[in-house]
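Undergrad: One structure, as structure tokens, below. Some questions next.
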Amino acid sequence: SYTDLAGNAGPSETTANYEVETWAPSVNVNGVEITSATDIQNNFLNAGDNVSVTVTFRESVIVDNASGTPTLTLVVGTTNPKATYTSGSGGTTLVFQYTIQAGDNDTDGISIGADVLALNNGTIRDPAGNNATLTHSAVSDNSSYKVDTTPPTVSSVAITSATGIQNNLLNAGDNVSVTVTFSENSPVTGTPQLTLAVGDDNQTATYASSGNGGTTLVFKYTIQAGDNDTNGISIG
């Protein structure tokens, strides 16, 4: 501080009105990460699910996407889709999102290469107007965000066992089991059914709560009085 000859105190030697800041905002070490996804099940994403990736800077940044929206390139299996900036301007963390498309598959989990943050004609700057440095580290395969958009298919259907069977004949009250094998693990919701041809009648075998989440599901039917089939049970 200082005074003039009359003793009047002068203004402070520093003032916030003239701060100088020339440091470019940069991405934190490990500042890029996959943080969430909608409708994810058992660590798998399906077509239509949205995966969110955050990019955290060392200081607040402002995004101007009037002329273009910044993107971040992902690695999903053998493809390189782009996650698009959605929110976070004015803070330190920007959010990018990508919607899983039919045909996307990644058994190891989504990953992100180094230095794939792109402005795409937009801008990312700090409040002082310094352009952000876009370099960042890679993100390895994240097994919490695997992608599977290929529907499971039925490999085989077979009558595999029966309780109470005698001389290859079933009687009322005996339980027949049918095994359905899928091409991949298949979690079950609800109570699926399988139609059997028992003589001239169609009967319903019901999922028996066995095999949920695996490749093999078991269905059971209890033989009813009046059921008759001299040729053996068949399945359409």
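Scheme for the structure tokens: letters A, B, ... for chains in order shown; per-chain residue numbers from 1; ligand numbers from 1 in order shown.
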Please provide as a PyMOL selection string all residues within 7 Å of A:Glu33, with the sequence filter that same-chain residues fewer than 4 positions apart are discarded (counting only C-alpha atoms).

TA: chain A and resi 53-55+139

Undergrad: Selection from above, N, CA and C atoms, as an mmCIF file, in the first residue's frame, can you write it?

TA:
data_model
loop_
_atom_site.group_PDB
_atom_site.id
_atom_site.type_symbol
_atom_site.label_atom_id
_atom_site.label_comp_id
_atom_site.auth_asym_id
_atom_site.auth_seq_id
_atom_site.Cartn_x
_atom_site.Cartn_y
_atom_site.Cartn_z
ATOM 1 N N VAL A 53 -19.781 -41.129 -21.649
ATOM 2 C CA VAL A 53 -18.347 -41.007 -21.390
ATOM 3 C C VAL A 53 -18.087 -39.594 -20.884
ATOM 4 N N THR A 54 -17.316 -39.457 -19.813
ATOM 5 C CA THR A 54 -16.993 -38.134 -19.286
ATOM 6 C C THR A 54 -15.534 -37.790 -19.570
ATOM 7 N N VAL A 55 -15.316 -36.504 -19.860
ATOM 8 C CA VAL A 55 -13.971 -35.963 -20.043
ATOM 9 C C VAL A 55 -13.802 -34.854 -19.012
ATOM 10 N N VAL A 139 -8.250 -45.403 -22.955
ATOM 11 C CA VAL A 139 -9.046 -46.163 -21.983
ATOM 12 C C VAL A 139 -9.109 -47.606 -22.480
#

Undergrad: Can you tell me, as a compact mmCIF listing (two decimals) with N, CA and C atoms, in the first residue's frame, what residues are no more than 8 Å from A:Leu74 when counting only C-alpha atoms, ignoring any on the same chain fewer than 5 positions away?

TA:
# COMPACT_ATOMS: atom_id res chain seq x y z
N ASN A 80 -15.61 -47.89 -35.07
CA ASN A 80 -15.18 -46.69 -34.34
C ASN A 80 -16.27 -45.62 -34.38
N PRO A 81 -17.36 -45.83 -33.65
CA PRO A 81 -18.41 -44.82 -33.62
C PRO A 81 -18.00 -43.61 -32.78
N LYS A 82 -18.71 -42.52 -32.98
CA LYS A 82 -18.38 -41.29 -32.25
C LYS A 82 -19.45 -40.98 -31.21
N ALA A 83 -18.98 -40.74 -29.99
CA ALA A 83 -19.86 -40.23 -28.94
C ALA A 83 -19.89 -38.71 -29.08
N ILE A 110 -16.20 -51.88 -24.34
CA ILE A 110 -15.87 -50.67 -25.09
C ILE A 110 -14.54 -50.09 -24.60
N SER A 111 -13.72 -49.61 -25.52
CA SER A 111 -12.47 -48.93 -25.18
C SER A 111 -12.39 -47.60 -25.93
N ILE A 112 -11.39 -46.80 -25.58
CA ILE A 112 -11.22 -45.48 -26.19
C ILE A 112 -9.74 -45.28 -26.46
N GLY A 113 -9.39 -44.90 -27.66
CA GLY A 113 -8.00 -44.66 -28.00
C GLY A 113 -7.50 -43.35 -27.41

Undergrad: So what do you get for atom CA of A:Ala128 versus atom CA of A:Thr71, distance-wise?

TA: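 Those two atoms sit 22.7 Å apart.
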
Undergrad: For A:Phe44, work out the shell of residues within 12 Å, counting only C-alpha atoms and skipping chain neighbours fewer than 2 positions away, then give it as an NGL selection string.

TA: :A and (36-42 or 46-47 or 49-51 or 100 or 104-110 or 142-150 or 185 or 187)

Undergrad: Store the residues of this selection in a file with N, CA and C atoms, as a PDB file, in the first residue's frame.

TA:
ATOM      1  N   SER A  36     -21.418 -44.458 -17.336  1.00  0.00           N
ATOM      2  CA  SER A  36     -22.764 -44.995 -17.121  1.00  0.00           C
ATOM      3  C   SER A  36     -23.374 -45.414 -18.453  1.00  0.00           C
ATOM      4  N   ALA A  37     -24.492 -46.127 -18.351  1.00  0.00           N
ATOM      5  CA  ALA A  37     -25.228 -46.530 -19.548  1.00  0.00           C
ATOM      6  C   ALA A  37     -26.672 -46.799 -19.150  1.00  0.00           C
ATOM      7  N   THR A  38     -27.581 -46.504 -20.062  1.00  0.00           N
ATOM      8  CA  THR A  38     -28.995 -46.782 -19.806  1.00  0.00           C
ATOM      9  C   THR A  38     -29.316 -48.223 -20.178  1.00  0.00           C
ATOM     10  N   ASP A  39     -30.182 -48.849 -19.371  1.00  0.00           N
ATOM     11  CA  ASP A  39     -30.730 -50.189 -19.662  1.00  0.00           C
ATOM     12  C   ASP A  39     -29.676 -51.282 -19.756  1.00  0.00           C
ATOM     13  N   ILE A  40     -28.506 -51.084 -19.175  1.00  0.00           N
ATOM     14  CA  ILE A  40     -27.476 -52.124 -19.207  1.00  0.00           C
ATOM     15  C   ILE A  40     -27.941 -53.312 -18.369  1.00  0.00           C
ATOM     16  N   GLN A  41     -27.669 -54.537 -18.871  1.00  0.00           N
ATOM     17  CA  GLN A  41     -28.058 -55.759 -18.168  1.00  0.00           C
ATOM     18  C   GLN A  41     -26.886 -56.732 -18.164  1.00  0.00           C
ATOM     19  N   ASN A  42     -26.521 -57.174 -16.958  1.00  0.00           N
ATOM     20  CA  ASN A  42     -25.434 -58.145 -16.813  1.00  0.00           C
ATOM     21  C   ASN A  42     -24.157 -57.677 -17.523  1.00  0.00           C
ATOM     22  N   ASN A  46     -27.286 -53.257 -25.370  1.00  0.00           N
ATOM     23  CA  ASN A  46     -28.003 -53.720 -26.549  1.00  0.00           C
ATOM     24  C   ASN A  46     -28.359 -52.522 -27.412  1.00  0.00           C
ATOM     25  N   ALA A  47     -28.844 -52.783 -28.607  1.00  0.00           N
ATOM     26  CA  ALA A  47     -29.223 -51.700 -29.516  1.00  0.00           C
ATOM     27  C   ALA A  47     -30.220 -50.760 -28.838  1.00  0.00           C
ATOM     28  N   ASP A  49     -29.484 -48.714 -26.336  1.00  0.00           N
ATOM     29  CA  ASP A  49     -28.948 -48.265 -25.046  1.00  0.00           C
ATOM     30  C   ASP A  49     -27.969 -47.113 -25.264  1.00  0.00           C
ATOM     31  N   ASN A  50     -27.909 -46.214 -24.310  1.00  0.00           N
ATOM     32  CA  ASN A  50     -27.028 -45.041 -24.407  1.00  0.00           C
ATOM     33  C   ASN A  50     -25.874 -45.163 -23.418  1.00  0.00           C
ATOM     34  N   VAL A  51     -24.651 -45.057 -23.923  1.00  0.00           N
ATOM     35  CA  VAL A  51     -23.471 -45.105 -23.070  1.00  0.00           C
ATOM     36  C   VAL A  51     -22.907 -43.691 -22.928  1.00  0.00           C
ATOM     37  N   ILE A 100     -26.037 -47.247 -28.822  1.00  0.00           N
ATOM     38  CA  ILE A 100     -25.649 -48.519 -29.417  1.00  0.00           C
ATOM     39  C   ILE A 100     -26.553 -48.829 -30.613  1.00  0.00           C
ATOM     40  N   ASP A 104     -23.705 -53.626 -33.580  1.00  0.00           N
ATOM     41  CA  ASP A 104     -22.566 -53.373 -32.690  1.00  0.00           C
ATOM     42  C   ASP A 104     -22.348 -54.583 -31.796  1.00  0.00           C
ATOM     43  N   ASN A 105     -21.114 -55.023 -31.671  1.00  0.00           N
ATOM     44  CA  ASN A 105     -20.784 -56.125 -30.774  1.00  0.00           C
ATOM     45  C   ASN A 105     -19.365 -55.941 -30.257  1.00  0.00           C
ATOM     46  N   ASP A 106     -19.171 -56.187 -28.958  1.00  0.00           N
ATOM     47  CA  ASP A 106     -17.842 -56.090 -28.355  1.00  0.00           C
ATOM     48  C   ASP A 106     -17.812 -56.985 -27.126  1.00  0.00           C
ATOM     49  N   THR A 107     -17.182 -58.140 -27.246  1.00  0.00           N
ATOM     50  CA  THR A 107     -17.162 -59.097 -26.152  1.00  0.00           C
ATOM     51  C   THR A 107     -16.169 -58.723 -25.059  1.00  0.00           C
ATOM     52  N   ASP A 108     -15.211 -57.846 -25.359  1.00  0.00           N
ATOM     53  CA  ASP A 108     -14.213 -57.433 -24.367  1.00  0.00           C
ATOM     54  C   ASP A 108     -14.624 -56.177 -23.605  1.00  0.00           C
ATOM     55  N   GLY A 109     -15.513 -55.404 -24.187  1.00  0.00           N
ATOM     56  CA  GLY A 109     -15.916 -54.148 -23.575  1.00  0.00           C
ATOM     57  C   GLY A 109     -15.445 -52.951 -24.380  1.00  0.00           C
ATOM     58  N   ILE A 110     -16.196 -51.883 -24.344  1.00  0.00           N
ATOM     59  CA  ILE A 110     -15.867 -50.670 -25.086  1.00  0.00           C
ATOM     60  C   ILE A 110     -14.541 -50.094 -24.598  1.00  0.00           C
ATOM     61  N   ASN A 142     -13.308 -51.974 -21.283  1.00  0.00           N
ATOM     62  CA  ASN A 142     -14.045 -51.919 -20.020  1.00  0.00           C
ATOM     63  C   ASN A 142     -15.088 -53.030 -20.024  1.00  0.00           C
ATOM     64  N   SER A 143     -14.813 -54.103 -19.290  1.00  0.00           N
ATOM     65  CA  SER A 143     -15.690 -55.270 -19.308  1.00  0.00           C
ATOM     66  C   SER A 143     -17.042 -55.018 -18.649  1.00  0.00           C
ATOM     67  N   SER A 144     -17.198 -53.867 -18.013  1.00  0.00           N
ATOM     68  CA  SER A 144     -18.506 -53.508 -17.454  1.00  0.00           C
ATOM     69  C   SER A 144     -19.444 -52.959 -18.519  1.00  0.00           C
ATOM     70  N   TYR A 145     -18.903 -52.722 -19.711  1.00  0.00           N
ATOM     71  CA  TYR A 145     -19.700 -52.163 -20.804  1.00  0.00           C
ATOM     72  C   TYR A 145     -19.452 -52.952 -22.087  1.00  0.00           C
ATOM     73  N   LYS A 146     -19.769 -54.253 -22.044  1.00  0.00           N
ATOM     74  CA  LYS A 146     -19.695 -55.089 -23.234  1.00  0.00           C
ATOM     75  C   LYS A 146     -20.939 -54.847 -24.091  1.00  0.00           C
ATOM     76  N   VAL A 147     -20.845 -55.204 -25.351  1.00  0.00           N
ATOM     77  CA  VAL A 147     -21.938 -54.931 -26.284  1.00  0.00           C
ATOM     78  C   VAL A 147     -22.326 -56.219 -27.003  1.00  0.00           C
ATOM     79  N   ASP A 148     -23.627 -56.532 -26.998  1.00  0.00           N
ATOM     80  CA  ASP A 148     -24.134 -57.710 -27.697  1.00  0.00           C
ATOM     81  C   ASP A 148     -25.494 -57.374 -28.280  1.00  0.00           C
ATOM     82  N   THR A 149     -25.544 -57.199 -29.591  1.00  0.00           N
ATOM     83  CA  THR A 149     -26.813 -56.895 -30.257  1.00  0.00           C
ATOM     84  C   THR A 149     -27.282 -58.063 -31.123  1.00  0.00           C
ATOM     85  N   THR A 150     -26.609 -59.219 -30.995  1.00  0.00           N
ATOM     86  CA  THR A 150     -26.978 -60.397 -31.782  1.00  0.00           C
ATOM     87  C   THR A 150     -27.942 -61.267 -30.983  1.00  0.00           C
ATOM     88  N   ASN A 185     -25.622 -67.712 -23.762  1.00  0.00           N
ATOM     89  CA  ASN A 185     -26.321 -67.596 -22.493  1.00  0.00           C
ATOM     90  C   ASN A 185     -27.566 -66.733 -22.660  1.00  0.00           C
ATOM     91  N   PRO A 187     -30.640 -65.237 -20.322  1.00  0.00           N
ATOM     92  CA  PRO A 187     -31.456 -64.999 -19.130  1.00  0.00           C
ATOM     93  C   PRO A 187     -32.938 -65.047 -19.469  1.00  0.00           C
TER      94      PRO A 187
END

Undergrad: I'd like to know which of A:Gly211, A:Val116, A:Leu170, A:Leu194 is closest to A:Asp229, using only C-alpha atoms.

TA: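 Of A:Gly211, A:Val116, A:Leu170, A:Leu194, the one nearest A:Asp229 is A:Leu170, counting only C-alpha atoms.
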
Undergrad: Quick check, in Å to one decimal: how far apart do atom CA of A:Val180 and atom CA of A:Gln101 lie?

TA: 28.6 Å

Undergrad: Between A:Gly129, A:Gly48, A:Gly232, A:Gly77, single out the one closest to A:Thr99, counting only C-alpha atoms.

TA: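 Checking each candidate against A:Thr99, we get A:Gly48 as the closest.
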
Undergrad: Which residues, written as a PyMOL selection string, have at least one atom at most 10 Å from A:Val32, with only C-alpha atoms counted and residues fewer than 2 positions away on the same chain left out?

TA: chain A and resi 27-30+34-35+53-57+72+93-95+112+114+117+136-139

Undergrad: Export, as a PDB file, in the first residue's frame, the selected residues with N, CA, C and O atoms.

TA:
ATOM      1  N   VAL A  27      -6.881 -31.932 -20.239  1.00  0.00           N
ATOM      2  CA  VAL A  27      -7.615 -33.059 -19.670  1.00  0.00           C
ATOM      3  C   VAL A  27      -6.810 -33.662 -18.526  1.00  0.00           C
ATOM      4  O   VAL A  27      -5.591 -33.839 -18.620  1.00  0.00           O
ATOM      5  N   ASN A  28      -7.492 -33.958 -17.418  1.00  0.00           N
ATOM      6  CA  ASN A  28      -6.842 -34.598 -16.278  1.00  0.00           C
ATOM      7  C   ASN A  28      -6.202 -35.931 -16.680  1.00  0.00           C
ATOM      8  O   ASN A  28      -6.631 -36.580 -17.633  1.00  0.00           O
ATOM      9  N   VAL A  29      -5.190 -36.325 -15.924  1.00  0.00           N
ATOM     10  CA  VAL A  29      -4.661 -37.678 -16.072  1.00  0.00           C
ATOM     11  C   VAL A  29      -5.803 -38.654 -15.773  1.00  0.00           C
ATOM     12  O   VAL A  29      -6.511 -38.500 -14.773  1.00  0.00           O
ATOM     13  N   ASN A  30      -6.007 -39.629 -16.650  1.00  0.00           N
ATOM     14  CA  ASN A  30      -7.134 -40.558 -16.526  1.00  0.00           C
ATOM     15  C   ASN A  30      -8.473 -39.825 -16.479  1.00  0.00           C
ATOM     16  O   ASN A  30      -9.424 -40.264 -15.832  1.00  0.00           O
ATOM     17  N   ILE A  34     -15.552 -44.168 -19.159  1.00  0.00           N
ATOM     18  CA  ILE A  34     -16.939 -44.571 -19.383  1.00  0.00           C
ATOM     19  C   ILE A  34     -17.605 -44.618 -18.022  1.00  0.00           C
ATOM     20  O   ILE A  34     -17.145 -45.331 -17.125  1.00  0.00           O
ATOM     21  N   THR A  35     -18.688 -43.866 -17.850  1.00  0.00           N
ATOM     22  CA  THR A  35     -19.231 -43.699 -16.507  1.00  0.00           C
ATOM     23  C   THR A  35     -20.604 -44.309 -16.293  1.00  0.00           C
ATOM     24  O   THR A  35     -20.955 -44.650 -15.167  1.00  0.00           O
ATOM     25  N   VAL A  53     -19.781 -41.129 -21.649  1.00  0.00           N
ATOM     26  CA  VAL A  53     -18.347 -41.007 -21.390  1.00  0.00           C
ATOM     27  C   VAL A  53     -18.087 -39.594 -20.884  1.00  0.00           C
ATOM     28  O   VAL A  53     -18.594 -38.623 -21.463  1.00  0.00           O
ATOM     29  N   THR A  54     -17.316 -39.457 -19.813  1.00  0.00           N
ATOM     30  CA  THR A  54     -16.993 -38.134 -19.286  1.00  0.00           C
ATOM     31  C   THR A  54     -15.534 -37.790 -19.570  1.00  0.00           C
ATOM     32  O   THR A  54     -14.656 -38.649 -19.543  1.00  0.00           O
ATOM     33  N   VAL A  55     -15.316 -36.504 -19.860  1.00  0.00           N
ATOM     34  CA  VAL A  55     -13.971 -35.963 -20.043  1.00  0.00           C
ATOM     35  C   VAL A  55     -13.802 -34.854 -19.012  1.00  0.00           C
ATOM     36  O   VAL A  55     -14.544 -33.861 -19.037  1.00  0.00           O
ATOM     37  N   THR A  56     -12.860 -35.022 -18.087  1.00  0.00           N
ATOM     38  CA  THR A  56     -12.671 -34.064 -17.001  1.00  0.00           C
ATOM     39  C   THR A  56     -11.418 -33.230 -17.239  1.00  0.00           C
ATOM     40  O   THR A  56     -10.321 -33.771 -17.436  1.00  0.00           O
ATOM     41  N   PHE A  57     -11.593 -31.898 -17.219  1.00  0.00           N
ATOM     42  CA  PHE A  57     -10.494 -30.958 -17.430  1.00  0.00           C
ATOM     43  C   PHE A  57      -9.978 -30.436 -16.089  1.00  0.00           C
ATOM     44  O   PHE A  57     -10.643 -30.553 -15.053  1.00  0.00           O
ATOM     45  N   LEU A  72     -16.091 -37.700 -29.445  1.00  0.00           N
ATOM     46  CA  LEU A  72     -15.068 -38.563 -28.866  1.00  0.00           C
ATOM     47  C   LEU A  72     -15.229 -39.934 -29.519  1.00  0.00           C
ATOM     48  O   LEU A  72     -16.307 -40.521 -29.457  1.00  0.00           O
ATOM     49  N   THR A  93     -16.288 -31.026 -16.120  1.00  0.00           N
ATOM     50  CA  THR A  93     -16.564 -32.342 -16.696  1.00  0.00           C
ATOM     51  C   THR A  93     -17.576 -32.247 -17.829  1.00  0.00           C
ATOM     52  O   THR A  93     -18.695 -31.755 -17.628  1.00  0.00           O
ATOM     53  N   LEU A  94     -17.166 -32.717 -19.012  1.00  0.00           N
ATOM     54  CA  LEU A  94     -18.048 -32.754 -20.176  1.00  0.00           C
ATOM     55  C   LEU A  94     -18.551 -34.177 -20.387  1.00  0.00           C
ATOM     56  O   LEU A  94     -17.810 -35.137 -20.179  1.00  0.00           O
ATOM     57  N   VAL A  95     -19.798 -34.298 -20.811  1.00  0.00           N
ATOM     58  CA  VAL A  95     -20.414 -35.606 -21.033  1.00  0.00           C
ATOM     59  C   VAL A  95     -20.627 -35.827 -22.523  1.00  0.00           C
ATOM     60  O   VAL A  95     -21.163 -34.954 -23.222  1.00  0.00           O
ATOM     61  N   ILE A 112     -11.394 -46.800 -25.580  1.00  0.00           N
ATOM     62  CA  ILE A 112     -11.219 -45.480 -26.191  1.00  0.00           C
ATOM     63  C   ILE A 112      -9.738 -45.276 -26.457  1.00  0.00           C
ATOM     64  O   ILE A 112      -8.910 -45.482 -25.550  1.00  0.00           O
ATOM     65  N   ALA A 114      -6.201 -43.133 -27.482  1.00  0.00           N
ATOM     66  CA  ALA A 114      -5.618 -41.875 -27.004  1.00  0.00           C
ATOM     67  C   ALA A 114      -5.873 -40.756 -28.006  1.00  0.00           C
ATOM     68  O   ALA A 114      -5.898 -40.983 -29.223  1.00  0.00           O
ATOM     69  N   LEU A 117     -10.377 -37.027 -28.849  1.00  0.00           N
ATOM     70  CA  LEU A 117     -11.315 -35.932 -28.622  1.00  0.00           C
ATOM     71  C   LEU A 117     -11.158 -34.919 -29.750  1.00  0.00           C
ATOM     72  O   LEU A 117     -10.060 -34.429 -30.014  1.00  0.00           O
ATOM     73  N   HIS A 136      -5.181 -36.734 -24.490  1.00  0.00           N
ATOM     74  CA  HIS A 136      -5.614 -37.499 -23.313  1.00  0.00           C
ATOM     75  C   HIS A 136      -5.142 -38.943 -23.444  1.00  0.00           C
ATOM     76  O   HIS A 136      -4.749 -39.399 -24.532  1.00  0.00           O
ATOM     77  N   SER A 137      -5.186 -39.672 -22.354  1.00  0.00           N
ATOM     78  CA  SER A 137      -4.757 -41.069 -22.336  1.00  0.00           C
ATOM     79  C   SER A 137      -5.840 -41.973 -22.915  1.00  0.00           C
ATOM     80  O   SER A 137      -7.022 -41.606 -22.975  1.00  0.00           O
ATOM     81  N   ALA A 138      -5.419 -43.180 -23.316  1.00  0.00           N
ATOM     82  CA  ALA A 138      -6.362 -44.182 -23.811  1.00  0.00           C
ATOM     83  C   ALA A 138      -7.099 -44.831 -22.646  1.00  0.00           C
ATOM     84  O   ALA A 138      -6.648 -44.799 -21.494  1.00  0.00           O
ATOM     85  N   VAL A 139      -8.250 -45.403 -22.955  1.00  0.00           N
ATOM     86  CA  VAL A 139      -9.046 -46.163 -21.983  1.00  0.00           C
ATOM     87  C   VAL A 139      -9.109 -47.606 -22.480  1.00  0.00           C
ATOM     88  O   VAL A 139      -9.576 -47.862 -23.587  1.00  0.00           O
TER      89      VAL A 139
END

Undergrad: Check the DSSP output for the backbone and give back, as a ChimeraX atom specification, the residues of stretch 5-149 of chain A in strand (DSSP E or B).

TA: /A:9,26-37,41,44-45,50-57,62-64,71-73,75-76,79,82-87,93-99,105-106,110-112,117-118,123-125,131,133,139-142,146-148

Undergrad: I want to know what sits within 9 Å of A:Asp64, based on only C-alpha atoms, with residues of the same chain fewer than 5 positions away left out; could you give that as a list of chain:residue names?

TA: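 What passes the distance filter is A:Thr69, A:Pro70, A:Ser89, A:Gly122, A:Thr123, A:Ile124, A:Arg125.
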
Undergrad: Record the distance separating atom CA of A:Val176 and atom CA of A:Ser156, expressed in Å with one decimal.

TA: 16.9 Å
